[in-house]
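S.K.: First the structure, which I've put down as structure tokens, then a few questions once you've had a look.
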Amino acid sequence: MGTWEVSMDWERDGFASHKGAVGVLLADGSEPGPAYFDTGSGSYVHESTAWFVYDGTLRASTATRMRGKCSCGWRGENTYHIDWEEVCREDPYAYDTSGPSNDWATHLDEVEALTVPLPEAVTELLRELRAYVERLVDDSPLAALKVVNELETITAWIGPTAASFALRGDELPWSRIAEGLGMTEPDARSRLFRYERLS
């Protein structure tokens, strides 16, 4: 079984646990599962959750409304009518999905507001370093790789200690660790355990 769609997820740097997309609702208010399409190529069945496949054709359900959704499980409270006559089959992404997108952006703003703030000096250093390394990729890719190696060395050195301090004595619940890092709990556990294994 394969996935058949062009990824049009919404992303924000530093928030890999929170990929956004357009979700849909059926007339009864339920959220449909993946749509499956048998293309006649043996046992290979295409699967898609792209909002525009729920137009009632090819045995897919018909969605009546859309809303923002996030990979963390969040679903937008606001819903928006889908006018299928206005959706272009050749370019469905031309359809206005700004409502769901803006709602997801607000959700991300709320997630970000709960994270541990970085000191201003660190934020500026990281911004400058990123811009510098991006220029290095074009001018001297080996130098850029050396910078990446140095950053990985710093991560391997500091990550295990920071993870150990964060987990010491169960002082911080996993919910707070996840919130502080802007992640889901499973992603936060995976990240900290990965850092611990670097030691």
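Following the order of the structure tokens, first chain is A, next is B, and so on, with residues numbered from 1 inside each chain and ligands from 1 in the order they appear.
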Among region 35-120 of chain A, which ones does DSSP place in strand (DSSP E), written as number ranges by chain?
M.R.: A: 35-38, 45-48, 63-70, 80-81
S.K.: I'd like the contact shell of Thr161 (chain A) - 12 Å cut-off, only C-alpha atoms, skipping same-chain residues fewer than 5 positions apart - returned as a JSON list (two decimals) with all heavy atoms, in the first residue's frame.
M.R.:
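Now in result.json:
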[["chain", "number", "residue", "atom", "x", "y", "z"],
["A", 154, "ILE", "N", 29.04, 19.16, 19.54],
["A", 154, "ILE", "CA", 28.47, 19.89, 20.68],
["A", 154, "ILE", "C", 27.24, 19.16, 21.21],
["A", 154, "ILE", "O", 27.06, 18.99, 22.42],
["A", 154, "ILE", "CB", 28.11, 21.33, 20.26],
["A", 154, "ILE", "CG1", 29.39, 22.12, 19.97],
["A", 154, "ILE", "CG2", 27.28, 22.03, 21.34],
["A", 154, "ILE", "CD1", 29.15, 23.48, 19.35],
["A", 155, "THR", "N", 26.38, 18.69, 20.28],
["A", 155, "THR", "CA", 25.17, 17.96, 20.68],
["A", 155, "THR", "C", 25.53, 16.70, 21.45],
["A", 155, "THR", "O", 24.93, 16.39, 22.48],
["A", 155, "THR", "CB", 24.33, 17.60, 19.44],
["A", 155, "THR", "OG1", 23.96, 18.79, 18.76],
["A", 155, "THR", "CG2", 23.09, 16.82, 19.83],
["A", 156, "ALA", "N", 26.53, 15.96, 20.93],
["A", 156, "ALA", "CA", 26.94, 14.71, 21.58],
["A", 156, "ALA", "C", 27.55, 14.96, 22.95],
["A", 156, "ALA", "O", 27.47, 14.11, 23.84],
["A", 156, "ALA", "CB", 27.92, 13.96, 20.69],
["A", 166, "ALA", "N", 17.51, 17.08, 33.09],
["A", 166, "ALA", "CA", 16.07, 17.27, 32.91],
["A", 166, "ALA", "C", 15.28, 16.11, 33.50],
["A", 166, "ALA", "O", 14.17, 16.30, 34.00],
["A", 166, "ALA", "CB", 15.74, 17.44, 31.43],
["A", 167, "LEU", "N", 15.86, 14.90, 33.44],
["A", 167, "LEU", "CA", 15.15, 13.71, 33.89],
["A", 167, "LEU", "C", 15.46, 13.33, 35.34],
["A", 167, "LEU", "O", 14.83, 12.43, 35.89],
["A", 167, "LEU", "CB", 15.50, 12.52, 32.98],
["A", 167, "LEU", "CG", 15.08, 12.67, 31.51],
["A", 167, "LEU", "CD1", 15.65, 11.52, 30.68],
["A", 167, "LEU", "CD2", 13.57, 12.70, 31.40],
["A", 168, "ARG", "N", 16.45, 14.00, 35.94],
["A", 168, "ARG", "CA", 16.91, 13.59, 37.27],
["A", 168, "ARG", "C", 15.80, 13.68, 38.31],
["A", 168, "ARG", "O", 15.13, 14.71, 38.45],
["A", 168, "ARG", "CB", 18.07, 14.49, 37.70],
["A", 168, "ARG", "CG", 18.71, 14.00, 38.99],
["A", 168, "ARG", "CD", 19.82, 14.86, 39.51],
["A", 168, "ARG", "NE", 20.33, 15.82, 38.55],
["A", 168, "ARG", "CZ", 21.32, 16.65, 38.83],
["A", 168, "ARG", "NH1", 21.90, 16.62, 40.00],
["A", 168, "ARG", "NH2", 21.74, 17.51, 37.93],
["A", 192, "LEU", "N", 15.03, 12.83, 24.12],
["A", 192, "LEU", "CA", 15.87, 12.77, 25.31],
["A", 192, "LEU", "C", 16.56, 11.42, 25.44],
["A", 192, "LEU", "O", 17.74, 11.35, 25.83],
["A", 192, "LEU", "CB", 15.06, 13.09, 26.56],
["A", 192, "LEU", "CG", 15.13, 14.58, 26.97],
["A", 192, "LEU", "CD1", 14.49, 15.46, 25.90],
["A", 192, "LEU", "CD2", 14.47, 14.81, 28.32],
["A", 193, "PHE", "N", 15.86, 10.35, 25.12],
["A", 193, "PHE", "CA", 16.50, 9.02, 25.20],
["A", 193, "PHE", "C", 17.60, 8.90, 24.15],
["A", 193, "PHE", "O", 18.62, 8.26, 24.38],
["A", 193, "PHE", "CB", 15.46, 7.93, 25.01],
["A", 193, "PHE", "CG", 14.50, 7.81, 26.18],
["A", 193, "PHE", "CD1", 13.22, 7.29, 26.00],
["A", 193, "PHE", "CD2", 14.86, 8.20, 27.46],
["A", 193, "PHE", "CE1", 12.33, 7.19, 27.07],
["A", 193, "PHE", "CE2", 13.99, 8.10, 28.53],
["A", 193, "PHE", "CZ", 12.73, 7.59, 28.33],
["A", 194, "ARG", "N", 17.40, 9.55, 23.00],
["A", 194, "ARG", "CA", 18.46, 9.54, 21.98],
["A", 194, "ARG", "C", 19.68, 10.30, 22.48],
["A", 194, "ARG", "O", 20.82, 9.87, 22.29],
["A", 194, "ARG", "CB", 17.94, 10.16, 20.68],
["A", 194, "ARG", "CG", 18.99, 10.23, 19.58],
["A", 194, "ARG", "CD", 18.37, 10.49, 18.23],
["A", 194, "ARG", "NE", 17.67, 11.75, 18.16],
["A", 194, "ARG", "CZ", 18.26, 12.91, 17.89],
["A", 194, "ARG", "NH1", 19.57, 12.94, 17.69],
["A", 194, "ARG", "NH2", 17.57, 14.01, 17.82],
["A", 195, "TYR", "N", 19.47, 11.43, 23.16],
["A", 195, "TYR", "CA", 20.59, 12.17, 23.71],
["A", 195, "TYR", "C", 21.32, 11.34, 24.76],
["A", 195, "TYR", "O", 22.55, 11.34, 24.81],
["A", 195, "TYR", "CB", 20.11, 13.48, 24.34],
["A", 195, "TYR", "CG", 19.69, 14.54, 23.36],
["A", 195, "TYR", "CD1", 18.80, 15.54, 23.74],
["A", 195, "TYR", "CD2", 20.18, 14.56, 22.06],
["A", 195, "TYR", "CE1", 18.41, 16.53, 22.84],
["A", 195, "TYR", "CE2", 19.80, 15.54, 21.16],
["A", 195, "TYR", "CZ", 18.91, 16.53, 21.57],
["A", 195, "TYR", "OH", 18.52, 17.50, 20.68],
["A", 196, "GLU", "N", 20.55, 10.63, 25.59],
["A", 196, "GLU", "CA", 21.18, 9.81, 26.64],
["A", 196, "GLU", "C", 22.07, 8.73, 26.02],
["A", 196, "GLU", "O", 23.13, 8.41, 26.55],
["A", 196, "GLU", "CB", 20.10, 9.15, 27.50],
["A", 196, "GLU", "CG", 19.47, 10.09, 28.50],
["A", 196, "GLU", "CD", 18.66, 9.33, 29.53],
["A", 196, "GLU", "OE1", 17.90, 8.42, 29.13],
["A", 196, "GLU", "OE2", 18.79, 9.64, 30.73],
["A", 197, "ARG", "N", 21.63, 8.18, 24.86],
["A", 197, "ARG", "CA", 22.42, 7.12, 24.22],
["A", 197, "ARG", "C", 23.71, 7.64, 23.58],
["A", 197, "ARG", "O", 24.59, 6.86, 23.24],
["A", 197, "ARG", "CB", 21.58, 6.40, 23.17],
["A", 197, "ARG", "CG", 20.47, 5.54, 23.75],
["A", 197, "ARG", "CD", 19.91, 4.58, 22.70],
["A", 197, "ARG", "NE", 19.28, 5.28, 21.60],
["A", 197, "ARG", "CZ", 17.99, 5.64, 21.57],
["A", 197, "ARG", "NH1", 17.23, 5.37, 22.62],
["A", 197, "ARG", "NH2", 17.48, 6.27, 20.52],
["A", 198, "LEU", "N", 23.82, 8.98, 23.45],
["A", 198, "LEU", "CA", 25.04, 9.55, 22.87],
["A", 198, "LEU", "C", 26.21, 9.49, 23.85],
["A", 198, "LEU", "O", 27.35, 9.60, 23.43],
["A", 198, "LEU", "CB", 24.80, 11.01, 22.46],
["A", 198, "LEU", "CG", 23.83, 11.24, 21.30],
["A", 198, "LEU", "CD1", 23.61, 12.74, 21.10],
["A", 198, "LEU", "CD2", 24.38, 10.61, 20.02],
["A", 199, "SER", "N", 25.91, 9.34, 25.14],
["A", 199, "SER", "CA", 26.98, 9.38, 26.14],
["A", 199, "SER", "C", 27.78, 8.07, 26.16],
["A", 199, "SER", "O", 27.34, 7.05, 25.69],
["A", 199, "SER", "CB", 26.40, 9.64, 27.52],
["A", 199, "SER", "OG", 25.47, 8.63, 27.88]]
S.K.: For region 56-71 of chain A, please output as an mmCIF file with N, CA and C atoms, in the first residue's frame all residues within 6 Å (counting only C-alpha atoms; exclusion window: fewer than 3 positions along the same chain).
M.R.:
data_model
loop_
_atom_site.group_PDB
_atom_site.id
_atom_site.type_symbol
_atom_site.label_atom_id
_atom_site.label_comp_id
_atom_site.auth_asym_id
_atom_site.auth_seq_id
_atom_site.Cartn_x
_atom_site.Cartn_y
_atom_site.Cartn_z
ATOM 1 N N HIS A 18 4.708 19.258 14.973
ATOM 2 C CA HIS A 18 3.482 20.015 14.697
ATOM 3 C C HIS A 18 3.357 20.367 13.218
ATOM 4 N N LYS A 19 3.251 19.357 12.382
ATOM 5 C CA LYS A 19 3.004 19.604 10.962
ATOM 6 C C LYS A 19 1.505 19.801 10.761
ATOM 7 N N GLY A 20 1.181 20.866 10.076
ATOM 8 C CA GLY A 20 -0.224 21.180 9.864
ATOM 9 C C GLY A 20 -0.691 20.827 8.469
ATOM 10 N N ALA A 21 -1.991 20.706 8.306
ATOM 11 C CA ALA A 21 -2.581 20.411 7.004
ATOM 12 C C ALA A 21 -4.070 20.738 7.055
ATOM 13 N N VAL A 22 -4.689 20.699 5.889
ATOM 14 C CA VAL A 22 -6.147 20.867 5.819
ATOM 15 C C VAL A 22 -6.791 19.531 6.172
ATOM 16 N N GLY A 23 -7.683 19.556 7.141
ATOM 17 C CA GLY A 23 -8.478 18.384 7.462
ATOM 18 C C GLY A 23 -9.893 18.589 6.947
ATOM 19 N N VAL A 24 -10.639 17.511 6.816
ATOM 20 C CA VAL A 24 -12.012 17.635 6.315
ATOM 21 C C VAL A 24 -13.002 16.943 7.249
ATOM 22 N N LEU A 25 -14.247 17.353 7.113
ATOM 23 C CA LEU A 25 -15.349 16.755 7.865
ATOM 24 C C LEU A 25 -16.451 16.359 6.898
ATOM 25 N N LEU A 26 -17.086 15.231 7.182
ATOM 26 C CA LEU A 26 -18.231 14.790 6.388
ATOM 27 C C LEU A 26 -19.480 15.501 6.888
ATOM 28 N N ALA A 27 -20.578 15.302 6.197
ATOM 29 C CA ALA A 27 -21.830 15.983 6.536
ATOM 30 C C ALA A 27 -22.282 15.684 7.963
ATOM 31 N N ALA A 35 -8.433 7.686 2.255
ATOM 32 C CA ALA A 35 -9.145 7.205 1.070
ATOM 33 C C ALA A 35 -8.220 6.262 0.316
ATOM 34 N N TRP A 74 -4.122 18.084 17.402
ATOM 35 C CA TRP A 74 -4.995 19.263 17.449
ATOM 36 C C TRP A 74 -5.882 19.331 16.214
ATOM 37 N N ARG A 75 -7.123 19.757 16.423
ATOM 38 C CA ARG A 75 -8.064 20.023 15.347
ATOM 39 C C ARG A 75 -8.683 21.387 15.575
ATOM 40 N N GLY A 76 -8.768 22.187 14.514
ATOM 41 C CA GLY A 76 -9.315 23.525 14.637
ATOM 42 C C GLY A 76 -10.787 23.526 14.992
ATOM 43 N N THR A 79 -14.651 25.777 11.249
ATOM 44 C CA THR A 79 -14.770 24.970 10.038
ATOM 45 C C THR A 79 -15.195 25.869 8.878
ATOM 46 N N TYR A 80 -14.861 25.441 7.665
ATOM 47 C CA TYR A 80 -15.078 26.262 6.481
ATOM 48 C C TYR A 80 -15.720 25.420 5.386
ATOM 49 N N HIS A 81 -16.765 25.974 4.781
ATOM 50 C CA HIS A 81 -17.495 25.275 3.726
ATOM 51 C C HIS A 81 -16.584 25.004 2.528
ATOM 52 N N ILE A 82 -16.709 23.812 1.923
ATOM 53 C CA ILE A 82 -15.991 23.480 0.698
ATOM 54 C C ILE A 82 -16.970 23.559 -0.465
ATOM 55 N N PRO A 100 -8.138 27.464 7.442
ATOM 56 C CA PRO A 100 -7.466 26.409 8.200
ATOM 57 C C PRO A 100 -5.990 26.704 8.463
ATOM 58 N N TRP A 104 -4.195 27.010 12.135
ATOM 59 C CA TRP A 104 -3.035 26.203 12.539
ATOM 60 C C TRP A 104 -1.897 27.106 13.011
#
S.K.: Could you please determine the separation between CA of Trp157 (chain A) and CA of Glu112 (chain A) in Å, to one decimal place?
M.R.: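 Interatomic distance here is 26.4 Å.
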S.K.: Between CA of Arg130 (chain A) and CA of Leu118 (chain A), what distance in Å does the model show, to one decimal?
M.R.: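 Distance reported for this atom pair: 15.8 Å.
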S.K.: Quick one, how far is CA of Glu77 (chain A) from CA of Tyr36 (chain A)?
M.R.: 27.0 Å
S.K.: From the list A:Gly159, A:Pro117, A:Gly99, A:Pro34, which residue is nearest Leu181 (chain A) when using only C-alpha atoms?
M.R.: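 Of A:Gly159, A:Pro117, A:Gly99, A:Pro34, the one nearest Leu181 (chain A), counting only C-alpha atoms, is A:Pro117.
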S.K.: Rank A:Cys72, A:Val148, A:Val87, A:Leu129 by their smallest atom-to-atom distance to Ala178 (chain A), using only C-alpha atoms, and report the top residue only.
M.R.: A:Cys72
S.K.: Considering only C-alpha atoms, can you say which of A:Val133, A:Val53, A:Met183, A:Cys88 comes closest to Lys146 (chain A)?
M.R.: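 For Lys146 (chain A), the nearest of the given residues is A:Val133.
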